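So this one's target-v8.cif, mmCIF, C-alpha atoms and all ligand atoms:
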data_target
loop_
_atom_site.label_atom_id
_atom_site.label_comp_id
_atom_site.auth_asym_id
_atom_site.auth_seq_id
_atom_site.Cartn_x
_atom_site.Cartn_y
_atom_site.Cartn_z
CA MET A 1 -19.97 19.25 7.58
CA GLU A 2 -19.87 23.05 7.64
CA GLN A 3 -17.06 22.89 10.17
CA HIS A 4 -14.88 20.18 8.68
CA LEU A 5 -15.30 20.24 4.90
CA PRO A 6 -13.74 22.99 2.76
CA GLN A 7 -16.37 25.40 1.46
CA PRO A 8 -15.81 24.69 -2.28
CA LEU A 9 -16.21 20.95 -1.69
CA LEU A 10 -19.39 21.52 0.26
CA GLU A 11 -20.83 23.71 -2.49
CA LEU A 12 -20.00 21.05 -5.01
CA VAL A 13 -21.78 18.38 -3.03
CA GLN A 14 -24.82 20.65 -2.69
CA ASP A 15 -24.80 21.24 -6.43
CA ILE A 16 -24.74 17.47 -7.06
CA SER A 17 -27.56 17.02 -4.59
CA GLY A 18 -29.65 19.65 -6.44
CA GLN A 19 -29.09 17.83 -9.71
CA ALA A 20 -30.02 14.52 -8.09
CA ALA A 21 -33.28 16.08 -6.92
CA GLU A 22 -34.02 17.12 -10.52
CA LEU A 23 -33.72 13.45 -11.46
CA GLY A 24 -35.95 12.52 -8.53
CA GLN A 25 -33.04 10.90 -6.67
CA ARG A 26 -31.89 11.23 -3.07
CA LEU A 27 -28.22 11.72 -2.30
CA TYR A 28 -26.24 10.76 0.83
CA LEU A 29 -22.72 11.07 2.15
CA VAL A 30 -21.71 7.64 3.47
CA GLY A 31 -19.01 5.48 5.04
CA GLY A 32 -15.60 6.58 6.30
CA VAL A 33 -16.11 10.30 5.86
CA VAL A 34 -19.25 10.27 8.05
CA ARG A 35 -17.34 8.38 10.74
CA ASP A 36 -14.46 10.86 10.55
CA LEU A 37 -16.77 13.89 10.54
CA LEU A 38 -18.32 12.68 13.78
CA LEU A 39 -14.88 12.05 15.24
CA GLY A 40 -13.65 15.44 14.03
CA TYR A 41 -10.86 13.89 11.94
CA PRO A 42 -9.96 15.32 8.53
CA ASN A 43 -11.10 13.19 5.58
CA PHE A 44 -11.78 14.59 2.14
CA ASP A 45 -12.44 11.25 0.42
CA LEU A 46 -16.09 11.82 -0.20
CA ASP A 47 -18.25 8.78 -0.91
CA LEU A 48 -21.73 9.61 -2.12
CA VAL A 49 -24.58 7.16 -2.53
CA VAL A 50 -27.63 7.89 -4.63
CA GLU A 51 -30.92 6.04 -4.56
CA GLY A 52 -31.08 5.88 -8.34
CA ASP A 53 -28.64 5.74 -11.22
CA ALA A 54 -25.26 7.11 -10.10
CA VAL A 55 -23.73 7.03 -13.57
CA LYS A 56 -26.60 9.04 -15.06
CA LEU A 57 -26.31 11.59 -12.27
CA ALA A 58 -22.53 11.86 -12.66
CA GLN A 59 -22.93 12.38 -16.41
CA LYS A 60 -25.41 15.17 -15.82
CA VAL A 61 -23.07 16.83 -13.30
CA ALA A 62 -20.08 16.51 -15.65
CA GLU A 63 -22.01 18.17 -18.50
CA THR A 64 -22.74 21.30 -16.49
CA SER A 65 -19.43 21.71 -14.65
CA GLN A 66 -15.65 21.48 -14.93
CA ALA A 67 -15.65 17.97 -13.47
CA LYS A 68 -13.90 15.10 -15.21
CA LEU A 69 -15.92 11.93 -15.25
CA ILE A 70 -14.79 8.31 -15.00
CA ALA A 71 -17.79 6.01 -15.17
CA HIS A 72 -17.99 2.27 -14.44
CA HIS A 73 -21.30 1.29 -15.97
CA ARG A 74 -21.01 -2.32 -14.92
CA PHE A 75 -20.76 -1.41 -11.23
CA GLY A 76 -23.09 1.59 -11.33
CA THR A 77 -20.32 3.80 -9.96
CA ALA A 78 -18.59 6.96 -11.13
CA LYS A 79 -15.74 9.18 -10.07
CA LEU A 80 -15.85 12.94 -10.49
CA ARG A 81 -12.55 14.75 -10.41
CA TYR A 82 -12.38 18.48 -9.67
CA GLY A 83 -8.82 19.73 -9.52
CA ASN A 84 -7.30 17.92 -6.57
CA SER A 85 -10.43 16.41 -5.08
CA THR A 86 -12.34 13.35 -6.22
CA LEU A 87 -15.85 12.35 -5.35
CA ASP A 88 -17.04 8.77 -5.58
CA LEU A 89 -20.64 8.31 -6.56
CA ALA A 90 -22.34 4.94 -6.26
CA THR A 91 -25.78 3.59 -6.86
CA ALA A 92 -27.27 2.35 -3.58
CA ARG A 93 -26.89 -1.42 -3.71
CA LYS A 94 -28.07 -4.62 -2.20
CA GLU A 95 -25.56 -7.45 -1.86
CA THR A 96 -26.05 -11.19 -1.44
CA TYR A 97 -23.32 -13.74 -0.85
CA ALA A 98 -23.77 -17.01 -2.74
CA ARG A 99 -20.96 -18.58 -0.72
CA PRO A 100 -18.42 -17.39 1.86
CA GLY A 101 -15.56 -15.37 0.45
CA ALA A 102 -17.09 -15.04 -3.02
CA LEU A 103 -17.72 -11.60 -4.42
CA PRO A 104 -21.34 -10.68 -3.70
CA ALA A 105 -24.12 -10.50 -6.26
CA VAL A 106 -25.10 -6.86 -6.52
CA THR A 107 -28.49 -5.35 -7.39
CA PRO A 108 -29.73 -1.75 -7.07
CA GLY A 109 -31.33 -1.09 -3.72
CA THR A 110 -32.25 1.51 -1.12
CA LEU A 111 -29.97 3.38 1.27
CA LYS A 112 -31.03 0.89 3.94
CA ASP A 113 -29.81 -2.02 1.79
CA ASP A 114 -26.60 -0.16 1.13
CA LEU A 115 -25.92 0.38 4.82
CA ILE A 116 -26.58 -3.18 5.99
CA ARG A 117 -24.06 -4.58 3.47
CA ARG A 118 -21.25 -2.64 5.18
CA ASP A 119 -18.52 -3.92 7.44
CA PHE A 120 -18.94 -2.18 10.81
CA SER A 121 -21.52 0.02 12.49
CA ILE A 122 -19.12 2.98 12.60
CA ASN A 123 -18.80 2.75 8.79
CA ALA A 124 -22.51 2.23 8.20
CA MET A 125 -23.84 5.73 8.77
CA ALA A 126 -25.02 8.24 6.19
CA ILE A 127 -25.76 11.97 6.12
CA SER A 128 -28.62 13.14 3.95
CA LEU A 129 -27.77 15.79 1.37
CA SER A 130 -31.29 16.27 0.05
CA ALA A 131 -32.89 19.66 0.60
CA ASN A 132 -35.79 18.54 2.83
CA ASP A 133 -33.60 16.86 5.50
CA TYR A 134 -30.15 18.20 4.64
CA GLY A 135 -27.51 17.28 7.22
CA GLU A 136 -29.57 14.66 9.01
CA LEU A 137 -27.70 11.56 10.22
CA VAL A 138 -29.04 8.18 9.12
CA ASP A 139 -27.80 5.73 11.73
CA LEU A 140 -29.68 2.43 11.47
CA HIS A 141 -27.04 0.35 13.28
CA GLN A 142 -26.13 2.47 16.31
CA GLY A 143 -22.88 3.59 14.74
CA ARG A 144 -22.84 6.81 16.70
CA ARG A 145 -23.25 4.99 20.01
CA ASP A 146 -20.38 2.67 19.05
CA LEU A 147 -18.20 5.65 18.15
CA GLU A 148 -18.89 7.07 21.60
CA HIS A 149 -18.05 3.76 23.26
CA ARG A 150 -15.09 3.29 20.92
CA LEU A 151 -16.30 -0.08 19.65
CA ILE A 152 -15.90 -2.00 16.39
CA ARG A 153 -19.08 -3.98 15.82
CA ILE A 154 -20.23 -6.08 12.86
CA LEU A 155 -23.80 -5.69 11.64
CA HIS A 156 -24.88 -9.35 11.69
CA PRO A 157 -23.41 -12.68 12.88
CA ARG A 158 -22.53 -13.98 9.36
CA SER A 159 -20.51 -10.89 8.52
CA PHE A 160 -17.02 -12.40 8.86
CA SER A 161 -17.93 -15.60 7.06
CA ASP A 162 -19.56 -13.68 4.19
CA ASP A 163 -16.37 -11.69 3.82
CA ALA A 164 -13.36 -12.52 5.97
CA THR A 165 -11.41 -9.51 4.65
CA ARG A 166 -13.46 -7.69 7.28
CA ILE A 167 -11.24 -9.35 9.89
CA LEU A 168 -8.25 -7.45 8.50
CA ARG A 169 -10.28 -4.27 8.06
CA GLY A 170 -11.58 -4.47 11.63
CA VAL A 171 -8.10 -4.77 13.11
CA CYS A 172 -7.01 -1.83 10.99
CA TYR A 173 -9.73 0.42 12.44
CA GLU A 174 -9.18 -0.96 15.95
CA GLN A 175 -5.53 0.10 15.82
CA ARG A 176 -5.96 3.32 13.87
CA LEU A 177 -8.69 4.67 16.09
CA GLY A 178 -7.63 3.03 19.36
CA PHE A 179 -11.02 1.24 19.58
CA GLN A 180 -11.91 -2.25 20.83
CA PHE A 181 -13.89 -5.08 19.32
CA GLU A 182 -17.29 -5.40 20.89
CA ALA A 183 -17.47 -8.73 22.77
CA GLN A 184 -19.67 -10.69 20.35
CA THR A 185 -17.71 -9.32 17.36
CA ALA A 186 -14.45 -10.42 19.01
CA ARG A 187 -15.83 -13.95 19.50
CA LEU A 188 -17.06 -14.19 15.93
CA LEU A 189 -13.77 -12.86 14.65
CA LYS A 190 -11.86 -15.70 16.37
CA ARG A 191 -14.36 -18.24 15.11
CA GLY A 192 -14.16 -16.75 11.61
CA LEU A 193 -10.38 -17.10 11.18
CA PRO A 194 -10.64 -20.28 9.04
CA MET A 195 -12.83 -18.29 6.63
CA LEU A 196 -9.70 -16.41 5.59
CA ASP A 197 -8.92 -19.48 3.50
CA THR A 198 -11.94 -18.63 1.30
CA ILE A 199 -10.50 -15.24 0.32
CA SER A 200 -8.56 -14.87 -2.93
CA GLY A 201 -4.91 -13.81 -2.88
CA ASP A 202 -5.71 -10.55 -4.63
CA ARG A 203 -8.19 -9.53 -1.97
CA ILE A 204 -5.88 -10.38 0.94
CA ARG A 205 -3.04 -8.52 -0.75
CA HIS A 206 -5.31 -5.56 -1.31
CA GLU A 207 -6.11 -5.41 2.42
CA LEU A 208 -2.40 -5.60 3.30
CA GLU A 209 -1.76 -2.70 0.90
CA HIS A 210 -4.52 -0.79 2.66
CA ILE A 211 -2.85 -1.53 6.02
CA PHE A 212 0.51 -0.39 4.67
CA GLU A 213 -1.00 3.03 4.01
CA GLU A 214 -1.63 3.48 7.74
CA ASN A 215 0.59 5.84 9.72
CA GLN A 216 1.77 2.96 11.89
CA PRO A 217 1.05 -0.30 10.08
CA GLU A 218 3.23 -2.17 12.59
CA LEU A 219 0.49 -1.78 15.20
CA VAL A 220 -1.94 -3.52 12.86
CA VAL A 221 0.57 -6.21 11.88
CA ARG A 222 1.41 -6.94 15.49
CA ARG A 223 -2.23 -7.27 16.44
CA LEU A 224 -2.93 -9.49 13.41
CA GLY A 225 -0.14 -11.71 14.70
CA GLU A 226 -1.59 -11.77 18.20
CA LEU A 227 -5.05 -12.74 16.94
CA GLY A 228 -3.74 -15.58 14.75
CA VAL A 229 -4.70 -13.84 11.51
CA LEU A 230 -1.16 -13.78 10.11
CA ALA A 231 -0.59 -17.48 10.77
CA ARG A 232 -3.76 -18.24 8.86
CA ILE A 233 -2.59 -16.25 5.83
CA GLY A 234 0.98 -17.57 5.79
CA PRO A 235 2.37 -20.08 8.28
CA SER A 236 5.72 -18.29 8.54
CA LEU A 237 4.33 -14.78 8.95
CA LYS A 238 5.05 -13.12 12.27
CA GLY A 239 3.93 -9.83 13.76
CA ASP A 240 6.49 -9.47 16.51
CA GLY A 241 8.45 -6.61 18.05
CA TRP A 242 11.23 -7.11 15.53
CA ILE A 243 8.88 -6.26 12.66
CA ALA A 244 7.54 -3.25 14.56
CA GLU A 245 11.02 -1.84 15.05
CA LYS A 246 12.01 -2.38 11.41
CA PHE A 247 8.82 -0.86 10.04
CA ASP A 248 9.49 2.19 12.16
CA THR A 249 13.03 2.50 10.79
CA ALA A 250 11.76 2.01 7.23
CA ARG A 251 9.36 4.93 7.60
CA ARG A 252 12.11 7.29 8.71
CA LEU A 253 14.22 6.39 5.68
CA LYS A 254 12.03 5.87 2.72
CA LYS A 255 10.21 7.97 0.17
CA SER A 256 6.54 7.25 0.60
CA THR A 257 6.12 5.80 -2.89
CA GLN A 258 8.41 2.88 -2.10
CA LEU A 259 7.40 2.42 1.49
CA PRO A 260 4.67 -0.19 0.87
CA SER A 261 7.12 -2.40 -1.10
CA LEU A 262 9.64 -2.05 1.68
CA TYR A 263 7.05 -3.12 4.25
CA PHE A 264 6.28 -6.20 2.14
CA CYS A 265 10.00 -7.06 2.06
CA LEU A 266 10.42 -6.65 5.81
CA LEU A 267 7.32 -8.73 6.41
CA VAL A 268 8.96 -11.72 4.67
CA TYR A 269 12.52 -11.03 5.78
CA SER A 270 12.76 -14.06 8.04
CA PHE A 271 11.40 -16.41 5.36
CA SER A 272 13.31 -19.21 3.67
CA GLU A 273 13.37 -19.28 -0.14
CA ASN A 274 10.71 -21.97 0.01
CA ASP A 275 8.42 -20.00 2.37
CA ILE A 276 8.62 -17.00 0.12
CA GLU A 277 7.46 -18.88 -2.97
CA GLN A 278 4.42 -20.16 -1.08
CA PHE A 279 3.59 -16.69 0.15
CA LEU A 280 3.98 -15.03 -3.27
CA ALA A 281 1.62 -17.62 -4.73
CA ARG A 282 -0.94 -17.32 -1.91
CA LEU A 283 -1.17 -13.55 -2.30
CA ASN A 284 -0.80 -13.57 -6.08
CA ILE A 285 1.90 -10.93 -5.74
CA PRO A 286 2.58 -9.20 -9.09
CA ALA A 287 5.85 -9.93 -10.92
CA ARG A 288 7.64 -6.69 -10.07
CA LEU A 289 7.03 -6.91 -6.33
CA SER A 290 7.73 -10.66 -6.36
CA ARG A 291 11.17 -9.94 -7.76
CA VAL A 292 11.90 -7.42 -5.03
CA MET A 293 10.70 -9.78 -2.28
CA ARG A 294 12.66 -12.75 -3.65
CA ASP A 295 15.77 -10.59 -3.92
CA THR A 296 15.35 -9.58 -0.29
CA VAL A 297 15.54 -13.15 0.92
CA ARG A 298 18.26 -14.13 -1.56
CA LEU A 299 20.44 -11.21 -0.50
CA LYS A 300 19.87 -12.02 3.17
CA THR A 301 21.41 -15.46 2.64
CA SER A 302 24.42 -13.82 0.92
CA LEU A 303 25.02 -11.22 3.64
CA PRO A 304 27.88 -13.14 5.29
CA ILE A 305 30.00 -12.23 2.25
CA LEU A 306 29.62 -8.60 3.26
CA ASP A 307 30.61 -9.19 6.85
CA LYS A 308 34.29 -8.51 6.21
CA PRO A 309 36.29 -5.65 7.68
CA SER A 310 37.73 -4.18 4.49
CA LEU A 311 35.94 -4.66 1.20
CA LYS A 312 36.83 -2.37 -1.67
CA PRO A 313 33.98 -0.23 -3.01
CA SER A 314 34.28 -2.05 -6.34
CA ASP A 315 33.84 -5.43 -4.58
CA ILE A 316 30.71 -4.13 -2.87
CA TYR A 317 29.36 -2.75 -6.13
CA TYR A 318 29.81 -5.95 -8.08
CA LEU A 319 28.30 -8.05 -5.26
CA LEU A 320 25.18 -5.93 -5.06
CA ARG A 321 24.52 -4.58 -8.50
CA GLY A 322 22.19 -7.44 -9.50
CA TYR A 323 19.75 -6.87 -6.62
CA GLU A 324 16.70 -4.61 -6.58
CA PRO A 325 17.38 -1.38 -4.63
CA VAL A 326 14.36 -1.87 -2.36
CA ALA A 327 15.64 -5.38 -1.49
CA ILE A 328 19.02 -3.85 -0.61
CA GLN A 329 17.28 -1.23 1.50
CA ALA A 330 15.31 -3.92 3.34
CA ASN A 331 18.56 -5.73 4.11
CA ALA A 332 20.25 -2.51 5.23
CA ILE A 333 17.41 -2.05 7.73
CA ALA A 334 17.29 -5.66 8.86
CA ALA A 335 20.94 -6.78 8.75
CA GLU A 336 22.40 -7.59 12.14
CA SER A 337 26.01 -7.00 11.18
CA PRO A 338 26.86 -3.27 11.40
CA LYS A 339 29.54 -3.78 8.76
CA ALA A 340 27.08 -5.29 6.27
CA HIS A 341 24.65 -2.49 7.09
CA ASP A 342 27.27 0.16 6.28
CA TYR A 343 28.26 -1.50 3.00
CA LEU A 344 24.64 -1.78 1.87
CA GLN A 345 24.02 1.83 2.77
CA LEU A 346 27.17 2.92 0.94
CA PHE A 347 25.99 1.13 -2.18
CA LEU A 348 22.55 2.77 -2.02
CA ALA A 349 23.76 6.26 -1.24
CA LYS A 350 26.82 6.43 -3.49
CA LEU A 351 28.25 3.46 -5.32
CA ARG A 352 25.25 2.69 -7.48
CA TYR A 353 25.41 6.16 -9.03
CA VAL A 354 29.12 6.12 -9.89
CA ARG A 355 29.73 6.42 -13.65
CA THR A 356 32.93 6.73 -15.66
CA ALA A 357 33.52 10.03 -17.38
CA LEU A 358 34.61 8.30 -20.59
CA ASN A 359 32.09 6.37 -22.62
CA GLY A 360 32.42 3.89 -25.50
CA GLU A 361 32.42 6.62 -28.16
CA GLU A 362 35.28 8.43 -26.52
CA LEU A 363 37.25 5.23 -26.09
CA LYS A 364 36.85 4.58 -29.81
CA LYS A 365 38.41 7.95 -30.51
CA LEU A 366 41.33 6.86 -28.37
CA GLY A 367 41.73 3.88 -30.70
CA VAL A 368 39.97 1.14 -28.68
CA SER A 369 37.92 -1.07 -30.95
CA ALA A 370 34.32 -1.99 -30.08
CA GLY A 371 33.66 -5.48 -28.70
CA PRO A 372 34.54 -7.48 -25.60
CA GLN A 373 37.82 -5.65 -25.18
CA MET A 374 36.00 -2.34 -24.90
CA GLY A 375 33.58 -3.81 -22.34
CA LYS A 376 36.47 -5.08 -20.27
CA LEU A 377 38.19 -1.71 -20.39
CA LEU A 378 35.05 0.13 -19.32
CA GLU A 379 34.72 -2.22 -16.38
CA VAL A 380 38.31 -1.61 -15.31
CA LEU A 381 37.75 2.14 -15.53
CA HIS A 382 34.55 1.85 -13.54
CA LYS A 383 36.27 -0.15 -10.79
CA ALA A 384 39.13 2.34 -10.70
CA LYS A 385 36.64 5.16 -10.36
CA LEU A 386 34.74 3.35 -7.59
CA ASP A 387 37.97 2.73 -5.70
CA GLY A 388 39.16 6.31 -6.08
CA GLN A 389 42.14 5.39 -8.28
CA VAL A 390 40.95 7.80 -10.95
CA ARG A 391 39.04 11.01 -10.40
CA THR A 392 39.01 13.20 -13.48
CA LYS A 393 38.36 12.47 -17.13
CA ALA A 394 42.06 13.04 -17.79
CA ASP A 395 42.90 10.34 -15.20
CA GLU A 396 40.59 7.95 -16.99
CA ARG A 397 42.07 8.76 -20.37
CA ARG A 398 45.58 8.11 -19.05
CA LEU A 399 44.53 4.80 -17.53
CA ALA A 400 42.66 3.76 -20.69
CA LEU A 401 45.64 4.58 -22.90
CA SER A 402 48.13 2.78 -20.68
CA LEU A 403 45.92 -0.32 -20.59
CA SER A 404 45.13 -0.45 -24.31
CA LEU A 405 48.75 0.25 -25.24
CA GLY A 406 49.76 -2.48 -22.81
CA LYS A 407 47.49 -4.87 -24.68
CA GLU A 408 48.98 -4.01 -28.08
CA ARG A 409 52.52 -4.53 -26.98
P1 LIG A 501 -10.46 4.49 5.14
O1 LIG A 501 -10.35 5.69 5.99
O2 LIG A 501 -9.56 3.38 5.55
O3 LIG A 501 -10.45 4.74 3.66
P2 LIG A 501 -13.14 3.88 4.69
O4 LIG A 501 -14.22 3.66 5.69
O5 LIG A 501 -13.25 5.01 3.76
O6 LIG A 501 -11.86 3.96 5.55
P3 LIG A 501 -12.81 2.16 2.39
O7 LIG A 501 -11.96 0.96 2.30
O8 LIG A 501 -12.43 3.37 1.62
O9 LIG A 501 -12.91 2.52 3.94
O10 LIG A 501 -14.29 1.71 2.07
C1 LIG A 501 -15.37 2.65 2.05
C2 LIG A 501 -16.59 2.07 2.74
O11 LIG A 501 -17.03 0.91 2.07
C3 LIG A 501 -16.37 1.64 4.18
O12 LIG A 501 -16.61 2.70 5.07
C4 LIG A 501 -17.36 0.52 4.37
O13 LIG A 501 -18.61 1.03 4.73
C5 LIG A 501 -17.48 -0.07 2.98
N1 LIG A 501 -16.67 -1.30 2.82
C6 LIG A 501 -15.44 -1.38 2.31
N2 LIG A 501 -15.01 -2.66 2.30
C7 LIG A 501 -16.00 -3.41 2.80
C8 LIG A 501 -16.20 -4.81 3.03
N3 LIG A 501 -15.25 -5.69 2.77
N4 LIG A 501 -17.39 -5.20 3.54
C9 LIG A 501 -18.35 -4.29 3.80
N5 LIG A 501 -18.23 -2.99 3.61
C10 LIG A 501 -17.08 -2.53 3.12
MG MG A 502 -11.91 5.41 2.09
#

Since I need it in another form, could you write the structure as structure tokens?
Amino acid sequence: MEQHLPQPLLELVQDISGQAAELGQRLYLVGGVVRDLLLGYPNFDLDLVVEGDAVKLAQKVAETSQAKLIAHHRFGTAKLRYGNSTLDLATARKETYARPGALPAVTPGTLKDDLIRRDFSINAMAISLSANDYGELVDLHQGRRDLEHRLIRILHPRSFSDDATRILRGVCYEQRLGFQFEAQTARLLKRGLPMLDTISGDRIRHELEHIFEENQPELVVRRLGELGVLARIGPSLKGDGWIAEKFDTARRLKKSTQLPSLYFCLLVYSFSENDIEQFLARLNIPARLSRVMRDTVRLKTSLPILDKPSLKPSDIYYLLRGYEPVAIQANAIAAESPKAHDYLQLFLAKLRYVRTALNGEELKKLGVSAGPQMGKLLEVLHKAKLDGQVRTKADERRLALSLSLGKER
């Protein structure tokens, strides 16, 4: 901890631990950060577990410091925000699964309960932050040994049927860390594939979003394909080399905020319009993203129109203006025709930003009356601007006058 965590963060954690002690509670660092500390990888997402009331502790800490508190009383969890860092505090919990795939029933528990409910041994370690055994590793499931052997291992044989999202999570860690599934875990994973049907669309989508935050999500997607996970989620989903190549291109091009949407679009690129509806429903994809994904497939079927040697910029603009930009980007990445690719790219980089210099107000001053005629005129000016027939405001004024005078005559 001393080596890998920034000093202010460490002091903060020690302060929280002191306050926990005053409440008679023990505090632990748990989960991913413990794994990454042992691996020597940077991770400042600190998850803390307290044997006691996490919300009460967080409130106490917030009262005596600069921290901003967000409490979730119902879940016994709280977030403390200090400048750029956030700490997650949770009450140690015990979970029981009434039926496969359901959300577990949660009751307060001990650290031991909290560790056994976790997905894999490498994520089920804790470090004590209490004064009497500060820094000691709590490793009840041989997580450290598995880290050394580079293995992903579940904690009990029912793990994947309790919660089949762990199948997706496991593959994510396998690929991110370059680990392997331990033999029994690999067998149970294969046997557990049908349990994916018990998982709600929201939860599967959430895991895909998690995967799309990876540095190289294509590795995960490819492996999910290989293991038969993708086919179980959507019959038309594929994780082949094509996807891998396109994901890689997407990453070089796209601002990170839109990258996850672009990955979703590329994932469904080969779908028919029917396949896509099924997939959107299965994953309960929100309206905004659904629109982008539908547009992707709709535009793909219209691409042949763009496969012509000499389209005018205005033709390209009016063909593409109704589609979502991310859908156009997905098509630019995936289109086979170099011509179509260039047209799509031209639209994204330039054409969509082209505006006339004259607006409706100024046209009125030139004597054009408001209404359909004005709309028509603006469109003609816009096309002329797109096609380079007018450049300056004066050019536009001349064109507008000649056209409206032409009409009057
Ligand atoms: P990452 O680096 O991907 O964030 P993480 O280990 O921090 O890895 P999170 O998704 O942030 O993963 O979850 C935090 C911890 O919660 C995990 O380390 C794991 O112990 C536990 N966890 C999360 N999801 C599950 C699950 N479906 N079943 C059991 N435990 C889970
Ligand atoms: Mg995390």

Could you produce a table of the residues of chain A lying within 9 Å of ligand MG 502 (chain A), with the nearest pair of atoms per residue and their separation in Å rounded to one decimal, using all atoms listed in the file, ordered by chain and increasing residue number, as a Markdown table?
| residue | atom | partner | partner_atom | distance |
| --- | --- | --- | --- | --- |
| A:Gly31 | CA | A:MG502 | MG | 7.7 |
| A:Gly32 | CA | A:MG502 | MG | 5.7 |
| A:Val33 | CA | A:MG502 | MG | 7.5 |
| A:Asn43 | CA | A:MG502 | MG | 8.6 |
| A:Asp45 | CA | A:MG502 | MG | 6.1 |
| A:Leu46 | CA | A:MG502 | MG | 8.0 |
| A:Asp47 | CA | A:MG502 | MG | 7.8 |

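As for atom CA of Asp342 of chain A and atom CA of Val292 of chain A, they are spaced 20.5 Å apart.
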
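Closest approach to ligand LIG 501 (chain A) among A:Gln7, A:Ser272, A:Thr301, A:Ser159 is made by A:Ser159 (distances from all atoms listed in the file).
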
Residue neighbourhood segment 227-242 of chain A, 8 Å, all atoms listed in the file, exclusion window fewer than 4 positions, as a list in words:
Leu168, Lys190, Leu193, Pro194, Leu196, Asp197, Glu218, Val221, Arg222, Arg223, Lys246, Leu267, Val268, Phe271, Asp275, Phe279 and Arg282 of chain A

Go through chain A residue by residue and, counting only C-alpha atoms and all ligand atoms, keep those with an atom at most 9 Å from ligand LIG 501 (chain A); for each kept residue give the shortest atom pair and its distance in Å to one decimal, ordered by chain and increasing number, as a Markdown table.
| residue | atom | partner | partner_atom | distance |
| --- | --- | --- | --- | --- |
| A:Val30 | CA | A:LIG501 | O12 | 7.3 |
| A:Gly31 | CA | A:LIG501 | O12 | 3.7 |
| A:Gly32 | CA | A:LIG501 | O4 | 3.3 |
| A:Val33 | CA | A:LIG501 | O5 | 6.4 |
| A:Val34 | CA | A:LIG501 | O12 | 8.6 |
| A:Arg35 | CA | A:LIG501 | O4 | 7.6 |
| A:Asp36 | CA | A:LIG501 | O1 | 8.0 |
| A:Asn43 | CA | A:LIG501 | O1 | 7.5 |
| A:Asp45 | CA | A:LIG501 | O5 | 7.1 |
| A:Leu46 | CA | A:LIG501 | O5 | 8.4 |
| A:Asp47 | CA | A:LIG501 | C1 | 7.4 |
| A:Asp114 | CA | A:LIG501 | O13 | 8.8 |
| A:Leu115 | CA | A:LIG501 | O13 | 7.3 |
| A:Ile116 | CA | A:LIG501 | C9 | 8.6 |
| A:Arg117 | CA | A:LIG501 | C9 | 5.7 |
| A:Arg118 | CA | A:LIG501 | N5 | 3.4 |
| A:Asp119 | CA | A:LIG501 | C9 | 3.7 |
| A:Phe120 | CA | A:LIG501 | O13 | 6.9 |
| A:Ser121 | CA | A:LIG501 | O13 | 8.3 |
| A:Ile122 | CA | A:LIG501 | O12 | 7.9 |
| A:Asn123 | CA | A:LIG501 | O12 | 4.3 |
| A:Ala124 | CA | A:LIG501 | O13 | 5.4 |
| A:Met125 | CA | A:LIG501 | O13 | 8.1 |
| A:Ser159 | CA | A:LIG501 | N4 | 8.2 |
| A:Phe160 | CA | A:LIG501 | N4 | 9.0 |
| A:Asp162 | CA | A:LIG501 | N4 | 8.8 |
| A:Asp163 | CA | A:LIG501 | N3 | 6.2 |
| A:Ala164 | CA | A:LIG501 | N3 | 7.8 |
| A:Thr165 | CA | A:LIG501 | N3 | 5.7 |
| A:Arg166 | CA | A:LIG501 | N3 | 5.2 |
| A:Ile167 | CA | A:LIG501 | N3 | 9.0 |
| A:Arg169 | CA | A:LIG501 | N3 | 7.4 |
| A:Cys172 | CA | A:LIG501 | O2 | 8.0 |
| A:Tyr173 | CA | A:LIG501 | O2 | 7.5 |
| A:Glu207 | CA | A:LIG501 | O7 | 8.6 |
| A:His210 | CA | A:LIG501 | O2 | 7.2 |
| A:Ile211 | CA | A:LIG501 | O2 | 8.3 |
| A:Glu213 | CA | A:LIG501 | O2 | 8.7 |
| A:Glu214 | CA | A:LIG501 | O2 | 8.2 |

Counting all atoms listed in the file, the residue among A:Val297, A:Leu386, A:Ala126, A:Ala92 that lies closest to Val138 of chain A is A:Ala126

Counting all atoms listed in the file, what is within 12 Å of Glu148 of chain A, bar same-chain residues fewer than 5 positions away, as a short mmCIF file (atom, residue, chain, number, x, y, z; two decimals) with C-alpha atoms, in the coordinates of the input?
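Written file, part_2.cif:
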data_model
loop_
_atom_site.label_atom_id
_atom_site.label_comp_id
_atom_site.auth_asym_id
_atom_site.auth_seq_id
_atom_site.Cartn_x
_atom_site.Cartn_y
_atom_site.Cartn_z
CA ARG A 35 -17.34 8.38 10.74
CA LEU A 38 -18.32 12.68 13.78
CA LEU A 39 -14.88 12.05 15.24
CA SER A 121 -21.52 0.02 12.49
CA ILE A 122 -19.12 2.98 12.60
CA GLN A 142 -26.13 2.47 16.31
CA GLY A 143 -22.88 3.59 14.74
CA LEU A 177 -8.69 4.67 16.09
CA PHE A 179 -11.02 1.24 19.58
CA GLN A 180 -11.91 -2.25 20.83
#

With distances taken over all atoms listed in the file, which residue among A:Leu378, A:Leu151, A:Leu366, A:Ala327 lies nearest Asp295 of chain A?
A:Ala327

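Here atom CA of Tyr318 of chain A is placed at a distance of 28.2 Å from atom CA of Phe247 of chain A.
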
Take every atom of segment 14-27 of chain A listed in the file, pad by 4 Å on each side, and give me the axis-aligned box centre and edge lengths in Å, one decimal, as AutoDock Vina command-line options.
--center_x -30.3 --center_y 16.1 --center_z -6.9 --size_x 19.2 --size_y 18.3 --size_z 17.2

Can you tell me, as a list in words, what residues are no more than 12 Å from Glu324 of chain A when counting all atoms listed in the file, ignoring any on the same chain fewer than 4 positions away?
Ser261, Leu262, Cys265, Arg288, Leu289, Ser290, Arg291, Val292, Met293, Arg294, Asp295, Thr296, Val297, Arg298, Leu299, Leu320, Ile328, Gln329, Ala330, Asn331, Leu344, Phe347, Leu348 and Arg352 of chain A
